[in-house]
Amino acid sequence: MDHKLPAPDQALRRLWTRTPGYIRLTCAAALVLGLAAHLFMFTNKLPNHDDVGHLFSATYGTASGRWLLPLILRLDGNYSMPWLIGLLALLCLAGAAALTVTLLGIRRPVACVLTAGLLTAFPATAATFSYMFTADAYFFGLFLAALGAYWTVRFPRAGIPAGAAAITCSLGIYQSYFPVAAALLVGSLLLETLAGRRTCRSLILEGLRRVLVLGLAMGVYLVLVRLTTREVGLVDYMGLSAMGQLALRDIPGLVLRCYTAYIDVLLRNTDGYTFSFVKYLLLLAGAVTAFLLIRLLVRQRLGVSRTLLALGLTLLYPLAANLIYLMSGGAEVHSLMFYGSVYLLLLPLALLEAAGPQETSWTAAAGWVLAASLAVTTYSYIVADNRAYLKLDVALEQCAAYSNRLLGAVEQCEGYESGMPIVLLGSGAYTDDLNPTPALSDISLTGVLSLADFRTSYTYDYFLRYYLGYAGPVYLDGSEAAASLDPAQTEALTVYPRQGSIAILDGMAVVKLSEP
């Protein structure tokens, strides 16, 4: 046989022809729907507070337990470039979607498109893109979490070290995608159980093998965190730095929170991610899911032991997908961190596929209900993402206008010299004039800032330098420059923009933005 190395075009042609159609469709849908959700962000520079500070820097992550993140961040050139980073991130999301449909047995075209749409438009993605400088690296971590689950399932022996290694690397980039790996491992085992082709004993052993992979990945990750933070120290990040130190008495409440969090995100819609009526569609989809599960259990005649195992795995699946609430130890879980929650919406599609051909009016009706419900949900997420980006765009324009007026007033102050240091007293305090558009307050997503958030952020000095072009140093609250000023002189100042709010003190232009 001729084993000569194929030419690049031949290799690509083979790869294309050997890739199943449902994978190609899922990836294409992820790219198209991802662009529908995020194109505005990719074609504009809409930073948040962290992104302003990391506009030209990729040295970030080790102190937060993300020892692999700094290395991955350097692969896109260090600068926070939205178009390039956005496309790279979409490719990672498409890869994660392809692995997801593979593991959950989703093959029908409509279901593949819906899976791609949900995974690329869920508002946690928009929150992540507001931290554009790290978005592609984070979503590469998501891809690794899904890849680790795939290797674990696909390769009985080599899957243990390979799967654990991929999930460990995912944790080393961003800890919050660990629940994705857990959900895929639990979900695929549930589908294997419902298929009825394996004994209960082999299924339990397989489950223990998958738990071993997850435990091994977490254990190795925690060891590497200790090794990589010996010099820099480990800072707290939403409770994730305390993983492995949970008190036993706290676990039941945290487990319960993993379940109840779905009520806030999907039904109460506390952050306005969907239209108000979508909760009724999701409740209907939940009823259809229960119908499909019962139908499968009755039809497959799994016996008592496998039926109980299937029910147990069904209960574990939402827990696995929302495991971040347990990992955080009760600390706040913000919008970037609960991406795994969206995997609950994929279970109905997997069960519909497991139910087999839609040969009856009941299963056909179930398919229509799920398709309509999840399509509207996906569209709601796309709308929410674009609302968030509009808020960032408007807030950025407002902050630039506010800052131009502020710098203009400073430069007109008697005694000011070009490039003179500026001290902003009360820079971290909110004032009434920082909320000119109350309607934007209805959009709540981590990383999506308002004018007040921009002006009071710890990187406002970077904003004045990078976006307004001020050449001199700017000092905010808590700086040595602010602390060195004579309190009697600063107390005599009025509050900006009133006359007397700016003065030249100790060779610096001092602006009082709020009362202490």
# chains A, B, ... in the order shown; residues from 1 in each chain; ligands from 1
call {"tool": "residues_around", "arguments": {"residues": "region 167-176 of chain A", "least_positions_apart": "5", "cutoff": "10 Å", "atoms": "only C-alpha atoms", "output": "mmCIF file with N, CA, C and O atoms, in the first residue's frame"}}
result
data_model
loop_
_atom_site.group_PDB
_atom_site.id
_atom_site.type_symbol
_atom_site.label_atom_id
_atom_site.label_comp_id
_atom_site.auth_asym_id
_atom_site.auth_seq_id
_atom_site.Cartn_x
_atom_site.Cartn_y
_atom_site.Cartn_z
ATOM 1 N N GLY A 61 -4.005 36.177 34.916
ATOM 2 C CA GLY A 61 -4.620 34.887 35.181
ATOM 3 C C GLY A 61 -3.989 34.036 36.257
ATOM 4 O O GLY A 61 -4.695 33.353 36.989
ATOM 5 N N THR A 62 -2.669 34.017 36.361
ATOM 6 C CA THR A 62 -2.008 33.071 37.261
ATOM 7 C C THR A 62 -2.466 33.237 38.699
ATOM 8 O O THR A 62 -2.753 32.247 39.391
ATOM 9 N N SER A 64 -5.198 34.099 39.803
ATOM 10 C CA SER A 64 -6.583 33.653 39.972
ATOM 11 C C SER A 64 -6.724 32.153 39.771
ATOM 12 O O SER A 64 -7.841 31.647 39.617
ATOM 13 N N GLY A 65 -5.600 31.435 39.762
ATOM 14 C CA GLY A 65 -5.643 29.994 39.582
ATOM 15 C C GLY A 65 -5.713 29.564 38.138
ATOM 16 O O GLY A 65 -5.910 28.384 37.852
ATOM 17 N N ARG A 66 -5.520 30.495 37.215
ATOM 18 C CA ARG A 66 -5.590 30.171 35.777
ATOM 19 C C ARG A 66 -4.183 30.173 35.204
ATOM 20 O O ARG A 66 -3.794 31.080 34.460
ATOM 21 N N TRP A 67 -3.440 29.155 35.572
ATOM 22 C CA TRP A 67 -2.019 29.116 35.234
ATOM 23 C C TRP A 67 -1.743 28.959 33.748
ATOM 24 O O TRP A 67 -0.683 29.321 33.266
ATOM 25 N N LEU A 68 -2.694 28.428 32.985
ATOM 26 C CA LEU A 68 -2.483 28.257 31.540
ATOM 27 C C LEU A 68 -2.943 29.481 30.756
ATOM 28 O O LEU A 68 -2.526 29.667 29.608
ATOM 29 N N LEU A 69 -3.768 30.325 31.350
ATOM 30 C CA LEU A 69 -4.356 31.452 30.629
ATOM 31 C C LEU A 69 -3.326 32.411 30.037
ATOM 32 O O LEU A 69 -3.457 32.800 28.866
ATOM 33 N N PRO A 70 -2.284 32.836 30.780
ATOM 34 C CA PRO A 70 -1.324 33.786 30.176
ATOM 35 C C PRO A 70 -0.687 33.270 28.894
ATOM 36 O O PRO A 70 -0.466 34.045 27.950
ATOM 37 N N LEU A 71 -0.406 31.976 28.841
ATOM 38 C CA LEU A 71 0.190 31.406 27.632
ATOM 39 C C LEU A 71 -0.788 31.460 26.462
ATOM 40 O O LEU A 71 -0.414 31.835 25.337
ATOM 41 N N ILE A 72 -2.039 31.110 26.695
ATOM 42 C CA ILE A 72 -3.040 31.110 25.620
ATOM 43 C C ILE A 72 -3.308 32.530 25.145
ATOM 44 O O ILE A 72 -3.488 32.777 23.942
ATOM 45 N N LEU A 73 -3.310 33.485 26.062
ATOM 46 C CA LEU A 73 -3.588 34.874 25.687
ATOM 47 C C LEU A 73 -2.562 35.420 24.710
ATOM 48 O O LEU A 73 -2.874 36.276 23.874
ATOM 49 N N THR A 134 -9.762 38.473 26.616
ATOM 50 C CA THR A 134 -9.590 37.088 27.061
ATOM 51 C C THR A 134 -10.655 36.154 26.512
ATOM 52 O O THR A 134 -10.664 34.973 26.840
ATOM 53 N N ALA A 137 -9.516 32.937 24.559
ATOM 54 C CA ALA A 137 -8.864 31.992 25.466
ATOM 55 C C ALA A 137 -9.896 31.280 26.335
ATOM 56 O O ALA A 137 -9.839 30.051 26.530
ATOM 57 N N TYR A 138 -10.862 32.034 26.854
ATOM 58 C CA TYR A 138 -11.900 31.410 27.677
ATOM 59 C C TYR A 138 -12.674 30.366 26.883
ATOM 60 O O TYR A 138 -12.934 29.262 27.372
ATOM 61 N N PHE A 139 -13.057 30.705 25.658
ATOM 62 C CA PHE A 139 -13.849 29.753 24.878
ATOM 63 C C PHE A 139 -13.002 28.584 24.377
ATOM 64 O O PHE A 139 -13.539 27.518 24.082
ATOM 65 N N PHE A 140 -11.707 28.789 24.301
ATOM 66 C CA PHE A 140 -10.844 27.634 24.061
ATOM 67 C C PHE A 140 -10.890 26.707 25.272
ATOM 68 O O PHE A 140 -10.864 25.479 25.130
ATOM 69 N N GLY A 141 -10.975 27.287 26.466
ATOM 70 C CA GLY A 141 -11.171 26.479 27.669
ATOM 71 C C GLY A 141 -12.477 25.709 27.619
ATOM 72 O O GLY A 141 -12.542 24.544 28.042
ATOM 73 N N LEU A 142 -13.531 26.330 27.104
ATOM 74 C CA LEU A 142 -14.802 25.630 26.920
ATOM 75 C C LEU A 142 -14.638 24.451 25.963
ATOM 76 O O LEU A 142 -15.123 23.340 26.224
ATOM 77 N N PHE A 143 -13.954 24.694 24.851
ATOM 78 C CA PHE A 143 -13.721 23.626 23.888
ATOM 79 C C PHE A 143 -12.945 22.471 24.522
ATOM 80 O O PHE A 143 -13.264 21.295 24.302
ATOM 81 N N LEU A 144 -11.937 22.782 25.327
ATOM 82 C CA LEU A 144 -11.155 21.736 25.982
ATOM 83 C C LEU A 144 -12.010 20.931 26.958
ATOM 84 O O LEU A 144 -11.832 19.715 27.092
ATOM 85 N N ALA A 145 -12.929 21.591 27.653
ATOM 86 C CA ALA A 145 -13.821 20.874 28.572
ATOM 87 C C ALA A 145 -14.673 19.865 27.804
ATOM 88 O O ALA A 145 -14.821 18.705 28.223
ATOM 89 N N ALA A 146 -15.227 20.289 26.659
ATOM 90 C CA ALA A 146 -16.025 19.380 25.841
ATOM 91 C C ALA A 146 -15.153 18.290 25.226
ATOM 92 O O ALA A 146 -15.568 17.120 25.133
ATOM 93 N N LEU A 147 -13.948 18.660 24.809
ATOM 94 C CA LEU A 147 -13.034 17.679 24.225
ATOM 95 C C LEU A 147 -12.634 16.629 25.260
ATOM 96 O O LEU A 147 -12.543 15.429 24.946
ATOM 97 N N GLY A 148 -12.391 17.070 26.493
ATOM 98 C CA GLY A 148 -12.052 16.120 27.546
ATOM 99 C C GLY A 148 -13.171 15.128 27.786
ATOM 100 O O GLY A 148 -12.925 13.923 27.975
ATOM 101 N N ALA A 149 -14.407 15.609 27.765
ATOM 102 C CA ALA A 149 -15.548 14.697 27.913
ATOM 103 C C ALA A 149 -15.615 13.730 26.734
ATOM 104 O O ALA A 149 -15.880 12.528 26.913
ATOM 105 N N PRO A 161 -6.516 9.275 31.038
ATOM 106 C CA PRO A 161 -5.495 10.339 31.100
ATOM 107 C C PRO A 161 -5.751 11.469 30.111
ATOM 108 O O PRO A 161 -5.526 12.642 30.429
ATOM 109 N N ALA A 162 -6.213 11.120 28.901
ATOM 110 C CA ALA A 162 -6.422 12.164 27.894
ATOM 111 C C ALA A 162 -7.560 13.095 28.302
ATOM 112 O O ALA A 162 -7.440 14.329 28.222
ATOM 113 N N ALA A 181 -18.066 19.861 31.096
ATOM 114 C CA ALA A 181 -17.540 18.499 30.995
ATOM 115 C C ALA A 181 -18.377 17.538 31.822
ATOM 116 O O ALA A 181 -18.712 16.427 31.369
ATOM 117 N N ALA A 182 -18.746 17.951 33.030
ATOM 118 C CA ALA A 182 -19.552 17.091 33.904
ATOM 119 C C ALA A 182 -20.913 16.806 33.287
ATOM 120 O O ALA A 182 -21.397 15.656 33.297
ATOM 121 N N VAL A 213 -12.288 10.479 36.193
ATOM 122 C CA VAL A 213 -11.692 11.460 35.285
ATOM 123 C C VAL A 213 -11.897 12.873 35.819
ATOM 124 O O VAL A 213 -10.956 13.689 35.866
ATOM 125 N N LEU A 214 -13.125 13.177 36.225
ATOM 126 C CA LEU A 214 -13.404 14.512 36.757
ATOM 127 C C LEU A 214 -12.608 14.777 38.032
ATOM 128 O O LEU A 214 -12.049 15.863 38.212
ATOM 129 N N GLY A 215 -12.562 13.791 38.914
ATOM 130 C CA GLY A 215 -11.810 13.953 40.151
ATOM 131 C C GLY A 215 -10.324 14.095 39.911
ATOM 132 O O GLY A 215 -9.644 14.915 40.562
ATOM 133 N N LEU A 216 -9.804 13.305 38.969
ATOM 134 C CA LEU A 216 -8.379 13.392 38.635
ATOM 135 C C LEU A 216 -8.049 14.760 38.058
ATOM 136 O O LEU A 216 -7.030 15.370 38.414
ATOM 137 N N ALA A 217 -8.908 15.256 37.172
ATOM 138 C CA ALA A 217 -8.677 16.574 36.572
ATOM 139 C C ALA A 217 -8.673 17.662 37.638
ATOM 140 O O ALA A 217 -7.794 18.528 37.653
ATOM 141 N N MET A 218 -9.648 17.617 38.530
ATOM 142 C CA MET A 218 -9.720 18.628 39.575
ATOM 143 C C MET A 218 -8.524 18.524 40.525
ATOM 144 O O MET A 218 -7.952 19.542 40.942
ATOM 145 N N GLY A 219 -8.140 17.309 40.876
ATOM 146 C CA GLY A 219 -7.008 17.115 41.776
ATOM 147 C C GLY A 219 -5.707 17.642 41.195
ATOM 148 O O GLY A 219 -4.951 18.353 41.870
ATOM 149 N N VAL A 220 -5.432 17.293 39.933
ATOM 150 C CA VAL A 220 -4.210 17.773 39.285
ATOM 151 C C VAL A 220 -4.238 19.296 39.159
ATOM 152 O O VAL A 220 -3.225 19.973 39.370
ATOM 153 N N TYR A 221 -5.401 19.835 38.820
ATOM 154 C CA TYR A 221 -5.530 21.284 38.705
ATOM 155 C C TYR A 221 -5.177 21.980 40.024
ATOM 156 O O TYR A 221 -4.419 22.955 40.040
ATOM 157 N N LEU A 222 -5.729 21.480 41.141
ATOM 158 C CA LEU A 222 -5.473 22.112 42.433
ATOM 159 C C LEU A 222 -3.994 22.032 42.813
ATOM 160 O O LEU A 222 -3.439 22.967 43.405
ATOM 161 N N LEU A 224 -1.501 21.978 40.657
ATOM 162 C CA LEU A 224 -0.811 22.942 39.803
ATOM 163 C C LEU A 224 -1.064 24.379 40.259
ATOM 164 O O LEU A 224 -0.195 25.243 40.105
ATOM 165 N N VAL A 225 -2.251 24.635 40.798
ATOM 166 C CA VAL A 225 -2.521 25.969 41.342
ATOM 167 C C VAL A 225 -1.565 26.282 42.483
ATOM 168 O O VAL A 225 -0.992 27.376 42.563
ATOM 169 N N LEU A 240 -13.867 30.622 43.869
ATOM 170 C CA LEU A 240 -13.243 29.499 43.176
ATOM 171 C C LEU A 240 -11.865 29.177 43.729
ATOM 172 O O LEU A 240 -11.373 28.059 43.581
ATOM 173 N N SER A 241 -11.224 30.159 44.368
ATOM 174 C CA SER A 241 -9.913 29.891 44.935
ATOM 175 C C SER A 241 -9.994 28.978 46.150
ATOM 176 O O SER A 241 -8.983 28.430 46.589
ATOM 177 N N ASN A 322 -24.879 22.832 36.497
ATOM 178 C CA ASN A 322 -24.816 24.027 37.333
ATOM 179 C C ASN A 322 -23.848 23.848 38.494
ATOM 180 O O ASN A 322 -23.970 24.516 39.525
ATOM 181 N N LEU A 323 -22.889 22.974 38.327
ATOM 182 C CA LEU A 323 -21.953 22.646 39.396
ATOM 183 C C LEU A 323 -21.143 23.845 39.872
ATOM 184 O O LEU A 323 -20.552 23.822 40.952
ATOM 185 N N ILE A 324 -21.157 24.924 39.094
ATOM 186 C CA ILE A 324 -20.393 26.114 39.459
ATOM 187 C C ILE A 324 -20.853 26.685 40.789
ATOM 188 O O ILE A 324 -20.064 27.263 41.544
ATOM 189 N N TYR A 325 -22.140 26.510 41.117
ATOM 190 C CA TYR A 325 -22.647 27.036 42.382
ATOM 191 C C TYR A 325 -22.080 26.267 43.568
ATOM 192 O O TYR A 325 -21.937 26.813 44.656
ATOM 193 N N MET A 327 -18.996 24.716 43.275
ATOM 194 C CA MET A 327 -17.572 25.024 43.192
ATOM 195 C C MET A 327 -17.239 26.366 43.837
ATOM 196 O O MET A 327 -16.163 26.540 44.415
ATOM 197 N N SER A 328 -18.151 27.323 43.738
ATOM 198 C CA SER A 328 -17.884 28.669 44.256
ATOM 199 C C SER A 328 -18.072 28.759 45.765
ATOM 200 O O SER A 328 -17.772 29.800 46.355
ATOM 201 N N VAL A 333 -22.109 34.047 41.937
ATOM 202 C CA VAL A 333 -21.844 33.469 40.617
ATOM 203 C C VAL A 333 -22.348 34.465 39.582
ATOM 204 O O VAL A 333 -23.549 34.699 39.467
ATOM 205 N N LEU A 336 -20.620 35.381 33.592
ATOM 206 C CA LEU A 336 -19.660 34.589 32.841
ATOM 207 C C LEU A 336 -19.595 33.154 33.337
ATOM 208 O O LEU A 336 -19.237 32.247 32.585
ATOM 209 N N MET A 337 -19.924 32.949 34.595
ATOM 210 C CA MET A 337 -19.617 31.691 35.250
ATOM 211 C C MET A 337 -20.672 30.605 35.068
ATOM 212 O O MET A 337 -20.367 29.430 35.212
ATOM 213 N N PHE A 338 -21.926 30.969 34.779
ATOM 214 C CA PHE A 338 -22.958 29.927 34.719
ATOM 215 C C PHE A 338 -23.294 29.503 33.290
ATOM 216 O O PHE A 338 -24.425 29.139 32.983
ATOM 217 N N TYR A 339 -22.281 29.496 32.431
ATOM 218 C CA TYR A 339 -22.511 29.039 31.053
ATOM 219 C C TYR A 339 -23.078 27.628 31.020
ATOM 220 O O TYR A 339 -23.907 27.296 30.165
ATOM 221 N N GLY A 340 -22.656 26.766 31.949
ATOM 222 C CA GLY A 340 -23.147 25.389 31.956
ATOM 223 C C GLY A 340 -24.647 25.276 32.070
ATOM 224 O O GLY A 340 -25.238 24.256 31.681
#
call {"tool": "closest_atom_pairs", "arguments": {"of": "region 33-76 of chain A", "to": "region 395-419 of chain A", "cutoff": "12 Å", "atoms": "only C-alpha atoms", "output": "Markdown table"}}
result
| residue | atom | partner | partner_atom | distance |
| --- | --- | --- | --- | --- |
| A:Asn44 | CA | A:Leu396 | CA | 11.3 |
| A:Lys45 | CA | A:Leu396 | CA | 9.6 |
| A:Leu46 | CA | A:Leu396 | CA | 7.2 |
| A:Pro47 | CA | A:Leu396 | CA | 8.0 |
| A:Asn48 | CA | A:Leu396 | CA | 8.7 |
| A:His49 | CA | A:Leu396 | CA | 10.7 |
| A:Val52 | CA | A:Leu396 | CA | 11.1 |
call {"tool": "residues_around", "arguments": {"residues": "Thr152 (chain A)", "least_positions_apart": "5", "cutoff": "7 Å", "atoms": "only C-alpha atoms", "output": "PyMOL selection string"}}
result
chain A and resi 159-160+163
call {"tool": "atom_distance", "arguments": {"atom1": "CA of Cys92 (chain A)", "atom2": "CA of Thr274 (chain A)"}}
result
24.6 Å
call {"tool": "atom_distance", "arguments": {"atom1": "CA of Ser80 (chain A)", "atom2": "CA of Phe122 (chain A)"}}
result
22.2 Å
call {"tool": "select_by_dssp", "arguments": {"residues": "region 54-277 of chain A", "states": "helix (DSSP H, G or I)", "output": "ChimeraX atom specification"}}
result
/A:62-64,69-76,82-103,109-121,123-130,132-154,159-173,175-195,200-228,240-242,248-267
call {"tool": "atom_distance", "arguments": {"atom1": "CA of Leu104 (chain A)", "atom2": "CA of Ser188 (chain A)"}}
result
5.4 Å
call {"tool": "closest_residue", "arguments": {"among": "A:Pro123, A:Ala111, A:Tyr60, A:Leu349", "to": "Val232 (chain A)", "atoms": "only C-alpha atoms"}}
result
A:Tyr60
call {"tool": "residues_around", "arguments": {"residues": "region 255-264 of chain A", "least_positions_apart": "6", "cutoff": "12 Å", "atoms": "only C-alpha atoms", "output": "number ranges by chain"}}
result
A: 179, 246, 248-249, 270-274, 279, 282-283, 315-334, 338-345
call {"tool": "write_last_selection", "arguments": {"atoms": "N, CA and C atoms", "output": "tab-separated table (two decimals), in the first residue's frame"}}
result
chain	number	residue	atom	x	y	z
A	179	PRO	N	-18.26	22.47	34.74
A	179	PRO	CA	-19.61	21.88	34.68
A	179	PRO	C	-20.02	21.41	33.29
A	246	LEU	N	-14.49	23.06	51.05
A	246	LEU	CA	-15.88	23.21	51.47
A	246	LEU	C	-16.13	22.46	52.77
A	248	LEU	N	-18.52	20.30	55.12
A	248	LEU	CA	-19.56	19.32	54.81
A	248	LEU	C	-20.96	19.88	55.07
A	249	ARG	N	-21.08	20.69	56.11
A	249	ARG	CA	-22.41	21.22	56.45
A	249	ARG	C	-22.96	22.17	55.39
A	270	THR	N	-34.70	36.90	36.08
A	270	THR	CA	-34.34	38.03	36.94
A	270	THR	C	-33.45	39.05	36.24
A	271	ASP	N	-32.68	38.63	35.27
A	271	ASP	CA	-31.79	39.55	34.57
A	271	ASP	C	-32.28	39.92	33.18
A	272	GLY	N	-33.49	39.50	32.83
A	272	GLY	CA	-34.10	39.91	31.57
A	272	GLY	C	-33.44	39.34	30.33
A	273	TYR	N	-33.03	38.08	30.39
A	273	TYR	CA	-32.37	37.48	29.24
A	273	TYR	C	-33.35	37.06	28.14
A	274	THR	N	-34.61	36.87	28.49
A	274	THR	CA	-35.59	36.42	27.50
A	274	THR	C	-36.83	37.30	27.56
A	279	LYS	N	-40.90	32.05	29.61
A	279	LYS	CA	-40.96	31.11	30.73
A	279	LYS	C	-42.08	30.09	30.55
A	282	LEU	N	-40.83	27.51	28.13
A	282	LEU	CA	-39.88	26.61	28.76
A	282	LEU	C	-40.57	25.63	29.70
A	283	LEU	N	-41.62	26.09	30.38
A	283	LEU	CA	-42.40	25.16	31.21
A	283	LEU	C	-43.06	24.09	30.33
A	315	LEU	N	-31.71	13.27	37.35
A	315	LEU	CA	-31.63	14.24	38.44
A	315	LEU	C	-30.22	14.83	38.57
A	316	LEU	N	-29.21	14.04	38.24
A	316	LEU	CA	-27.83	14.51	38.34
A	316	LEU	C	-27.46	15.49	37.22
A	317	TYR	N	-28.11	15.36	36.08
A	317	TYR	CA	-27.74	16.17	34.92
A	317	TYR	C	-27.84	17.68	35.21
A	318	PRO	N	-28.96	18.18	35.75
A	318	PRO	CA	-29.00	19.62	36.06
A	318	PRO	C	-27.98	20.03	37.11
A	319	LEU	N	-27.71	19.14	38.06
A	319	LEU	CA	-26.70	19.42	39.07
A	319	LEU	C	-25.33	19.56	38.42
A	320	ALA	N	-24.99	18.64	37.52
A	320	ALA	CA	-23.70	18.68	36.85
A	320	ALA	C	-23.54	19.96	36.03
A	321	ALA	N	-24.59	20.35	35.31
A	321	ALA	CA	-24.51	21.53	34.46
A	321	ALA	C	-24.37	22.82	35.26
A	322	ASN	N	-24.88	22.83	36.50
A	322	ASN	CA	-24.82	24.03	37.33
A	322	ASN	C	-23.85	23.85	38.49
A	323	LEU	N	-22.89	22.97	38.33
A	323	LEU	CA	-21.95	22.65	39.40
A	323	LEU	C	-21.14	23.85	39.87
A	324	ILE	N	-21.16	24.92	39.09
A	324	ILE	CA	-20.39	26.11	39.46
A	324	ILE	C	-20.85	26.68	40.79
A	325	TYR	N	-22.14	26.51	41.12
A	325	TYR	CA	-22.65	27.04	42.38
A	325	TYR	C	-22.08	26.27	43.57
A	326	LEU	N	-21.75	25.01	43.36
A	326	LEU	CA	-21.08	24.22	44.40
A	326	LEU	C	-19.60	24.56	44.43
A	327	MET	N	-19.00	24.72	43.27
A	327	MET	CA	-17.57	25.02	43.19
A	327	MET	C	-17.24	26.37	43.84
A	328	SER	N	-18.15	27.32	43.74
A	328	SER	CA	-17.88	28.67	44.26
A	328	SER	C	-18.07	28.76	45.76
A	329	GLY	N	-18.58	27.71	46.38
A	329	GLY	CA	-18.71	27.69	47.83
A	329	GLY	C	-19.67	28.70	48.41
A	330	GLY	N	-20.68	29.11	47.64
A	330	GLY	CA	-21.65	30.06	48.14
A	330	GLY	C	-21.36	31.50	47.76
A	331	ALA	N	-20.21	31.77	47.16
A	331	ALA	CA	-19.90	33.13	46.70
A	331	ALA	C	-20.77	33.47	45.49
A	332	GLU	N	-20.77	34.73	45.14
A	332	GLU	CA	-21.58	35.17	44.00
A	332	GLU	C	-21.13	34.48	42.71
A	333	VAL	N	-22.11	34.05	41.94
A	333	VAL	CA	-21.84	33.47	40.62
A	333	VAL	C	-22.35	34.47	39.58
A	334	HIS	N	-21.43	35.09	38.85
A	334	HIS	CA	-21.86	36.11	37.90
A	334	HIS	C	-22.06	35.52	36.50
A	338	PHE	N	-21.93	30.97	34.78
A	338	PHE	CA	-22.96	29.93	34.72
A	338	PHE	C	-23.29	29.50	33.29
A	339	TYR	N	-22.28	29.50	32.43
A	339	TYR	CA	-22.51	29.04	31.05
A	339	TYR	C	-23.08	27.63	31.02
A	340	GLY	N	-22.66	26.77	31.95
A	340	GLY	CA	-23.15	25.39	31.96
A	340	GLY	C	-24.65	25.28	32.07
A	341	SER	N	-25.31	26.33	32.58
A	341	SER	CA	-26.77	26.29	32.75
A	341	SER	C	-27.50	26.03	31.44
A	342	VAL	N	-26.93	26.51	30.33
A	342	VAL	CA	-27.62	26.36	29.05
A	342	VAL	C	-27.75	24.90	28.65
A	343	TYR	N	-26.90	24.03	29.21
A	343	TYR	CA	-26.96	22.61	28.84
A	343	TYR	C	-28.25	21.94	29.30
A	344	LEU	N	-28.94	22.52	30.27
A	344	LEU	CA	-30.24	21.97	30.65
A	344	LEU	C	-31.21	22.02	29.48
A	345	LEU	N	-31.10	23.06	28.65
A	345	LEU	CA	-32.01	23.21	27.51
A	345	LEU	C	-31.70	22.24	26.38
call {"tool": "closest_residue", "arguments": {"among": "A:Leu392, A:Ala354, A:Leu84, A:Leu267", "to": "Asp453 (chain A)", "atoms": "only C-alpha atoms"}}
result
A:Leu392
call {"tool": "select_by_dssp", "arguments": {"residues": "region 379-428 of chain A", "states": "strand (DSSP E or B)", "output": "number ranges by chain"}}
result
A: 422-425
call {"tool": "closest_residue", "arguments": {"among": "A:Leu31, A:Leu311, A:Gln10, A:Leu476", "to": "Leu464 (chain A)", "atoms": "only C-alpha atoms"}}
result
A:Leu476
call {"tool": "residues_around", "arguments": {"residues": "Ile23 (chain A)", "least_positions_apart": "4", "cutoff": "9 Å", "atoms": "only C-alpha atoms", "output": "PyMOL selection string"}}
result
chain A and resi 19+27-28+97-99+101-102+107+112
